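S.K.: I'd like to ask you about the structure that follows.
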Protein chains: 2
Amino acid sequence: MKGLTRRQVAVWCGALAAGASARASVDADSAHALLLRTRGLADTRAYELVESLVTEVGARPAGSPNDARAVAWALARLQGLGLSNVRADPVALRTWQRGPAHARLSAPFIHPLVITALGNSVATSPDGLDAEIAYYADFDALKGEAAGSGPSRAQGRIVFIDEKTERTRDGGGYSRAMLARVAGAVEAARRGALAVAIRSIGTDQDRIAHTGAMLYDAQVARIPALAVSVPDANLIARLHARGHTLRMQFNLQANSAVAATSHNVIAEIPGTDITDEVVLIGAHLDSWDLGQGALDDGAGVGIVMAAAKLLLDAGRRPRRTVRVVLFANEENGFDGAIGYGERYKHVVHQLVGESDLGAGAVWRLRSRVRDEALPVIRAMAEVLGPIGIADAGNAAAPGPDAGVLLRRHGWPVVELTQDASNYFDVHHTDNDTLAKVDATTLPQNVAAWAVVAWLAAQSQTAFGPLLPR
Amino acid sequence: MKGLTRRQVAVWCGALAAGASARASVDADSAHALLLRTRGLADTRAYELVESLVTEVGARPAGSPNDARAVAWALARLQGLGLSNVRADPVALRTWQRGPAHARLSAPFIHPLVITALGNSVATSPDGLDAEIAYYADFDALKGEAAGSGPSRAQGRIVFIDEKTERTRDGGGYSRAMLARVAGAVEAARRGALAVAIRSIGTDQDRIAHTGAMLYDAQVARIPALAVSVPDANLIARLHARGHTLRMQFNLQANSAVAATSHNVIAEIPGTDITDEVVLIGAHLDSWDLGQGALDDGAGVGIVMAAAKLLLDAGRRPRRTVRVVLFANEENGFDGAIGYGERYKHVVHQLVGESDLGAGAVWRLRSRVRDEALPVIRAMAEVLGPIGIADAGNAAAPGPDAGVLLRRHGWPVVELTQDASNYFDVHHTDNDTLAKVDATTLPQNVAAWAVVAWLAAQSQTAFGPLLPR
């Protein structure tokens with residue numbers, strides 16, 4: 001004590017005591033995280049929830065009557081779980097409505113084609129379209145054909161983009177291929193095409209076509225856009241390789257930009273002492289109109305709802321408020337995420353996470369937080385390592401809605417990457433049904449999200465803000 | 001030589017010489033069978049043929065324009081292979097033509113259903129049908145409800161038969177379940193049902209419905225008949241289990257009994273000394289209108305054509321005539337097999353074999369021959385054992401067309417049972433495409449059929465006749 005004033009001693013002792021208390025609370029929080037992990041691995045609620053959603057609601061495209069039923073389902077279920085502040089925030093949007101669509105090769109032989117309109121596609125005339133196919137081996141081949149420098153093969157034809165989707169664990173194959181879907185119509189129309197047809201962005205070999213959003217450019221003609229199933233794309237490729245001239249005949253009806261309202265559904269576990277800060281775990285409630293939206297994103301809805309219930313029942317209230325958000329219209333415009341961000345932009349978000357990559361086991365934890373918070377991420381990884389989840393750095397690419405919030409508001413994110421090896425077999429198809437949900441991998445997801453939400457909520461360190469990009 | 005006359009000696013020496021000659025020829029035939037086996041395992045022609053058929057013709061329901069194109073394809077290809085007596089025998093038939101069909105659950109919630117009409121189904125009225133579902137857990141549950149003893153649950157309703165198809169290597173699960181498809185409408189109509197809907201007779205979990213032939217009874221009302229995809233059947237079962245009253249709304253259009261002509265396509269390797277006896281290796285050329293008929297039965301077509309070409313090119317002509325028969329309309333009436341039997345009923349058929357269980361590897365050899373011929377079957381099995389094919393007795397259940405010929409004419413049969421574990425995932429669906437054909441298992445099939453045909457053609461023992469059943 002030599003050389004210290006009484007005041008110095010008092011401060012020093014206080015600091016020591018505070019440090020000891022902080023360490024004690026960190027230890028207790030870690031112990032609770034282990035409890036959540038153990039309980040999560042035995043938690044079958046996520047499957048029960050997705051089963052209920054797809055059975056009692058089914059497909060729920062944003063703004064549709066079924067979407068409204070999904071909102072009612074979510075409100076009732078979240079209230080039933082005992083969560084607080086359950087509410088539905090309205091989201092105004094413009095929806096796209098699928099009409100009938102059918103297609104066949106009309107030359108060199110008549111072959112029926114299994115197709116689906118891409119989301120946002122304009123309709124053909126009521127009589128449809130019959131034109132020669134201009135075959136492109138992939139999207140790069142189309143883009144590589146300089147627009148405006150002489151007549152394009154696309155001119156007056158239906159551009160077919162034979163872009164293949166690589167099967168990958170992290171979904172990277174999909175991310176690389178999807179540009180053909182999103183931007184194919186614009187690139188084809190720039191070259192004078194009448195329509196664009198793509199090989200489905202999917203990894204299956206089934207006679208089922210994959211839909212998904214595509215975009216137009218206000219400066220470029222809007223042409224109809226569709227996807228053919230993978231076996232049909234294989235057929236087109238084989239006939240093309242034989243040197244045949246191919247023609248496609250199709251009719252595709254749709255309504256665009258129909259005004260509608262959906263809702264973000266929200267529920268909370270109120271925090272104890274940092275109650276105005278939010279740890280958000282989300283998924284999206286809407287689905288494409290095809291299938292049942294079981295993997296996309298019924299599974300995510302079940303996982304985050306079950307994780308919140310697990311937290312609620314585990315006996316300790318979090319310091320920050322844990323908020324479940326079921327976003328509206330992820331599939332075709334991110335209106336829910338955008339609206340949420342606007343409405344809550346002044347609320348401190350300690351963390352945003354989203355489960356939207358199917359029902360596979362989580363194998364990777366990635367974050368996007370301030371460096372000062374990385375020790376907390378490492379603590380999460382220590383808890384999650386034994387259940388197969390590896391710490392993989394601070395450059396997360398989170399779910400689509402979380403990505404919107406990261407980019408627009410700089411809110412920190414955590415990504416729990418699921419094994420997506422089989423996800424793109426059924427993604428955005430009729431085949432996205434409960435039969436494809438593996439009930440055995442959901443509990444590990446629930447455990448992981450509960451642990452992440454808990455440790456983020458308890459953290460003595462702020463995870464953000466990050467600079468918006 | 002004591003006690004023998006010169007004539008006796010001469011006879012004895014002659015017999016010895018003949019025996020030695022016979023043994024020598026048997027040894028040579030066995031050696032040639034080994035050559036066929038070796039060459040067959042390296043023969044990639046079967047895949048090339050099925051690829052050509054499904055790419056250049058596609059689906060080919062009997063009596064359709066594509067069926068006529070398939071006949072032309074087969075004639076050209078068989079001639080191109082250098083086979084003899086290539087011809088098309090006309091077969092008069094009555095076809096069933098699919099029209100548009102769509103369905104949804106209209107209660108307790110609106111759920112679209114993926115359905116397909118069963119072959120031969122009558123149409124609904126143009127306005128379709130909307131009625132309550134009477135759920136039966138399987139076909140036995142329906143049959144167990146005695147007709148005529150008081151009002152049935154089926155009365156005035158749509159009977160739903162939730163018959164499950166077991167996955168089996170030998171296709172036995174399909175054989176057990178298919179009665180629900182074939183006879184479901186009659187049993188439902190007997191109890192006053194308005195229509196029958198069945199869980200698809202299939203082992204997949206895909207949103208694709210399985211068609212297939214159903215039959216009416218002249219004494220019982222003809223009601224529309226359809227299959228729903230397995231995930232849709234799961235949905236119906238889940239809603240039923242929740243205690244809901246279900247309604248189905250559907251519209252199904254079709255034309256029945258349209259007069260048409262198809263053809264059995266035939267080609268031969270003429271025999272050397274027993275040229276008027278026939279060893280028949282067959283498959284069926286027609287397919288259902290859904291899919292490409294790649295597994296059912298493009299694979300079989302490719303296999304038996306390639307086996308004949310292999311025999312032709314191997315340097316030795318068979319003693320009996322080896323005949324490839326591509327039967328017409330196996331799928332919906334067996335008109336081709338029946339017509340073939342009538343036309344060739346006076347021709348001795350040493351053996352009839354048919355490849356019609358997909359593209360899986362052969363794992364079992366079964367025969368239905370006279371006991372005296374069993375040593376020849378054992379000789380076949382000795383050659384085929386090393387390539388994974390086990391001798392499994394003399395109670396074969398051959399392919400459907402071969403079965404017709406066995407029952408009607410008592411012609412001996414051989415069954416080369418393929419591994420059908422995955423076959424009923426895609427059988428009779430949109431999903432029966434080239435993508436499901438495993439090119440690596442076809443050569444073993446080709447080898448097996450070439451060996452069987454060769455040894456049957458060379459046999460010093462007649463395989464039949466058997467008594468017609």
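To be explicit about the labels: the chains of the structure tokens are called A, B, and onward in the order shown, and within each one the residues are counted from 1, while ligands get numbers from 1 in the order they are shown.
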Could you list, as number ranges by chain, the residues of chain B having an atom within 8 Å of chain A when counting only C-alpha atoms?

M.R.: B: 55-59, 109, 111, 205-207, 231, 235, 238-239, 430-431, 433-436

S.K.: Based on the selection just made, write C-alpha atoms of those residues as a PDB file, in the first residue's frame.

M.R.:
ATOM      1  CA  THR B  55     -33.672 -36.682 -77.056  1.00  0.00           C
ATOM      2  CA  GLU B  56     -34.959 -37.213 -80.577  1.00  0.00           C
ATOM      3  CA  VAL B  57     -38.394 -38.603 -79.731  1.00  0.00           C
ATOM      4  CA  GLY B  58     -39.216 -37.974 -76.076  1.00  0.00           C
ATOM      5  CA  ALA B  59     -42.404 -39.264 -74.473  1.00  0.00           C
ATOM      6  CA  PHE B 109     -57.551 -24.292 -46.169  1.00  0.00           C
ATOM      7  CA  HIS B 111     -53.767 -25.736 -50.724  1.00  0.00           C
ATOM      8  CA  GLN B 205     -40.775 -37.590 -51.647  1.00  0.00           C
ATOM      9  CA  ASP B 206     -41.108 -35.272 -54.610  1.00  0.00           C
ATOM     10  CA  ARG B 207     -43.875 -32.954 -55.678  1.00  0.00           C
ATOM     11  CA  PRO B 231     -45.891 -34.639 -50.278  1.00  0.00           C
ATOM     12  CA  LEU B 235     -50.369 -33.001 -46.252  1.00  0.00           C
ATOM     13  CA  ARG B 238     -51.590 -34.511 -41.578  1.00  0.00           C
ATOM     14  CA  LEU B 239     -54.745 -32.432 -41.918  1.00  0.00           C
ATOM     15  CA  ASP B 430     -42.498 -36.184 -65.335  1.00  0.00           C
ATOM     16  CA  ASN B 431     -39.260 -37.105 -63.623  1.00  0.00           C
ATOM     17  CA  THR B 433     -35.807 -38.412 -67.745  1.00  0.00           C
ATOM     18  CA  LEU B 434     -32.309 -39.190 -68.951  1.00  0.00           C
ATOM     19  CA  ALA B 435     -30.944 -37.580 -65.795  1.00  0.00           C
ATOM     20  CA  LYS B 436     -32.158 -40.650 -63.884  1.00  0.00           C
TER      21      LYS B 436
END

S.K.: Can you list, as a list in words, every protein, DNA or RNA residue that comes within 8 Å of His263 of chain A when you count only C-alpha atoms, leaving out same-chain residues fewer than 6 positions away?

M.R.: Val71, Ala88, Asp89, Pro90, Val91, Phe327, Ala328 and Gly336 of chain A

S.K.: Check the DSSP output for the backbone and give back, as a VMD selection string, the residues of segment 262-399 of chain B in strand (DSSP E).

M.R.: chain B and resid 262 to 269 274 to 284 320 to 327 349 to 354 362 to 368 390 to 391

S.K.: I'd like to know which residues of segment 4-240 of chain B are helix (DSSP H, G or I) (by DSSP, run on the backbone); could you write them as a ChimeraX atom specification?

M.R.: /B:6-41,45-56,65-80,139-143,172-177,179-190,230-240

S.K.: Any idea what's packed within 7 Å of Ala195 of chain A, counting only C-alpha atoms, ignoring anything in its chain fewer than 5 positions away? Could you give it as an NGL selection string?

M.R.: :A and (158-159 or 223-225)

S.K.: What does the file look like for those residues with C-alpha atoms, as a short mmCIF file (atom, residue, chain, number, x, y, z; two decimals), in the first residue's frame?

M.R.:
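Written file, out-v5.cif:
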data_model
loop_
_atom_site.label_atom_id
_atom_site.label_comp_id
_atom_site.auth_asym_id
_atom_site.auth_seq_id
_atom_site.Cartn_x
_atom_site.Cartn_y
_atom_site.Cartn_z
CA ILE A 158 -35.57 -16.27 -77.14
CA VAL A 159 -32.25 -16.18 -75.32
CA ILE A 223 -39.22 -9.09 -71.79
CA PRO A 224 -40.78 -12.24 -70.32
CA ALA A 225 -38.44 -14.35 -68.21
#

S.K.: Give me the residues near segment 178-183 of chain B as JSON, numbers by chain, where near means some atom within 8 Å (using only C-alpha atoms) and where sequence neighbours in that chain fewer than 3 positions away do not count.

M.R.: {"B": [118, 138, 139, 161, 163, 174, 175, 186, 187, 198, 201, 212, 213, 214, 215, 216]}

S.K.: Determine the nearest neighbour of Lys345 of chain B from the options B:Asp391, B:Leu406, B:Ser367, B:Leu35, counting only C-alpha atoms.

M.R.: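 Ranking B:Asp391, B:Leu406, B:Ser367, B:Leu35 by distance to Lys345 of chain B, first place goes to B:Leu406.
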
S.K.: So which residues touch segment 93-97 of chain A within 6 Å, counting only C-alpha atoms, skipping near sequence neighbours fewer than 4 positions away, as JSON, numbers by chain?

M.R.: {"A": [120, 254, 255, 256, 257, 258, 259, 260, 261]}

S.K.: Quick one: residues within 8 Å of segment 322-325 of chain B, only C-alpha atoms counted, chain neighbours fewer than 4 positions away excluded, as a PyMOL selection string?

M.R.: chain B and resi 264-271+278-284+304-305+308+318+453+457

S.K.: Would you export the selected residues with N, CA and C atoms as a compact mmCIF listing (two decimals), in the first residue's frame, please?

M.R.:
# COMPACT_ATOMS: atom_id res chain seq x y z
N ASN B 264 -45.48 -53.14 -83.20
CA ASN B 264 -44.35 -53.85 -82.62
C ASN B 264 -43.19 -53.76 -83.61
N VAL B 265 -42.05 -53.36 -83.14
CA VAL B 265 -40.89 -53.27 -84.02
C VAL B 265 -39.99 -54.47 -83.75
N ILE B 266 -39.61 -55.14 -84.82
CA ILE B 266 -38.94 -56.44 -84.72
C ILE B 266 -37.68 -56.44 -85.58
N ALA B 267 -36.65 -57.11 -85.08
CA ALA B 267 -35.42 -57.28 -85.86
C ALA B 267 -34.78 -58.59 -85.41
N GLU B 268 -33.98 -59.17 -86.28
CA GLU B 268 -33.48 -60.52 -86.00
C GLU B 268 -32.01 -60.71 -86.33
N ILE B 269 -31.46 -61.68 -85.62
CA ILE B 269 -30.23 -62.33 -86.06
C ILE B 269 -30.65 -63.74 -86.46
N PRO B 270 -30.75 -64.04 -87.75
CA PRO B 270 -31.27 -65.35 -88.17
C PRO B 270 -30.40 -66.49 -87.65
N GLY B 271 -31.07 -67.56 -87.23
CA GLY B 271 -30.34 -68.72 -86.72
C GLY B 271 -29.67 -69.49 -87.85
N VAL B 278 -37.32 -69.29 -82.06
CA VAL B 278 -37.01 -67.90 -81.71
C VAL B 278 -36.60 -67.78 -80.24
N VAL B 279 -35.52 -67.04 -80.04
CA VAL B 279 -35.18 -66.53 -78.70
C VAL B 279 -35.49 -65.05 -78.72
N LEU B 280 -36.46 -64.65 -77.91
CA LEU B 280 -36.97 -63.28 -77.96
C LEU B 280 -36.40 -62.48 -76.80
N ILE B 281 -35.74 -61.37 -77.11
CA ILE B 281 -35.38 -60.40 -76.06
C ILE B 281 -36.10 -59.11 -76.37
N GLY B 282 -36.87 -58.64 -75.41
CA GLY B 282 -37.76 -57.52 -75.68
C GLY B 282 -37.71 -56.43 -74.64
N ALA B 283 -38.38 -55.36 -75.01
CA ALA B 283 -38.61 -54.20 -74.14
C ALA B 283 -39.83 -53.53 -74.74
N HIS B 284 -40.32 -52.49 -74.11
CA HIS B 284 -41.45 -51.82 -74.77
C HIS B 284 -41.06 -50.43 -75.24
N VAL B 304 -31.68 -54.11 -74.86
CA VAL B 304 -31.86 -55.29 -75.73
C VAL B 304 -31.35 -55.02 -77.14
N MET B 305 -31.45 -53.78 -77.60
CA MET B 305 -30.86 -53.47 -78.91
C MET B 305 -29.35 -53.64 -78.86
N ALA B 308 -28.34 -57.32 -78.79
CA ALA B 308 -28.42 -57.96 -80.10
C ALA B 308 -27.23 -57.57 -80.97
N PRO B 318 -25.98 -67.46 -83.99
CA PRO B 318 -26.67 -68.40 -83.10
C PRO B 318 -27.38 -69.49 -83.89
N ALA B 453 -29.36 -64.83 -74.13
CA ALA B 453 -29.91 -65.09 -75.47
C ALA B 453 -29.03 -66.10 -76.21
N ALA B 457 -30.14 -69.78 -77.35
CA ALA B 457 -30.17 -70.06 -78.79
C ALA B 457 -29.36 -71.31 -79.13

S.K.: Point out the residue among B:Glu382, B:Asp356, B:Asp170, B:Asp273 with the least atom-to-atom distance to Ser421 of chain B, counting only C-alpha atoms.

M.R.: B:Asp170

S.K.: Skip Leu416 of chain B itself and residues of its chain fewer than 2 positions away, then list as a list in words all residues within 6 Å of it, counting only C-alpha atoms.

M.R.: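 Near neighbours after the sequence-gap exclusion: Val362, Arg364 and Leu365 of chain B.
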
S.K.: Hey, can you check how far atom CA of Arg191 of chain A sits from atom CA of Ala101 of chain A?

M.R.: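 So the answer is 24.4 Å.
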
S.K.: Of the candidates B:Trp73, B:Trp288, B:Tyr136, B:Phe463, which one gets nearest to Val413 of chain B if we count only C-alpha atoms?

M.R.: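 Closest candidate: B:Phe463.
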
S.K.: So how far away is atom CA of Ala373 of chain A from atom CA of Phe334 of chain A, in Å?

M.R.: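 Calculated distance between atom CA of Phe334 of chain A and atom CA of Ala373 of chain A is 28.3 Å.
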
S.K.: Could you state the separation of atom CA of Glu277 of chain A and atom CA of Arg37 of chain A in Å, given to one decimal place?

M.R.: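 Value for the atom CA of Glu277 of chain A-atom CA of Arg37 of chain A distance: 23.7 Å.
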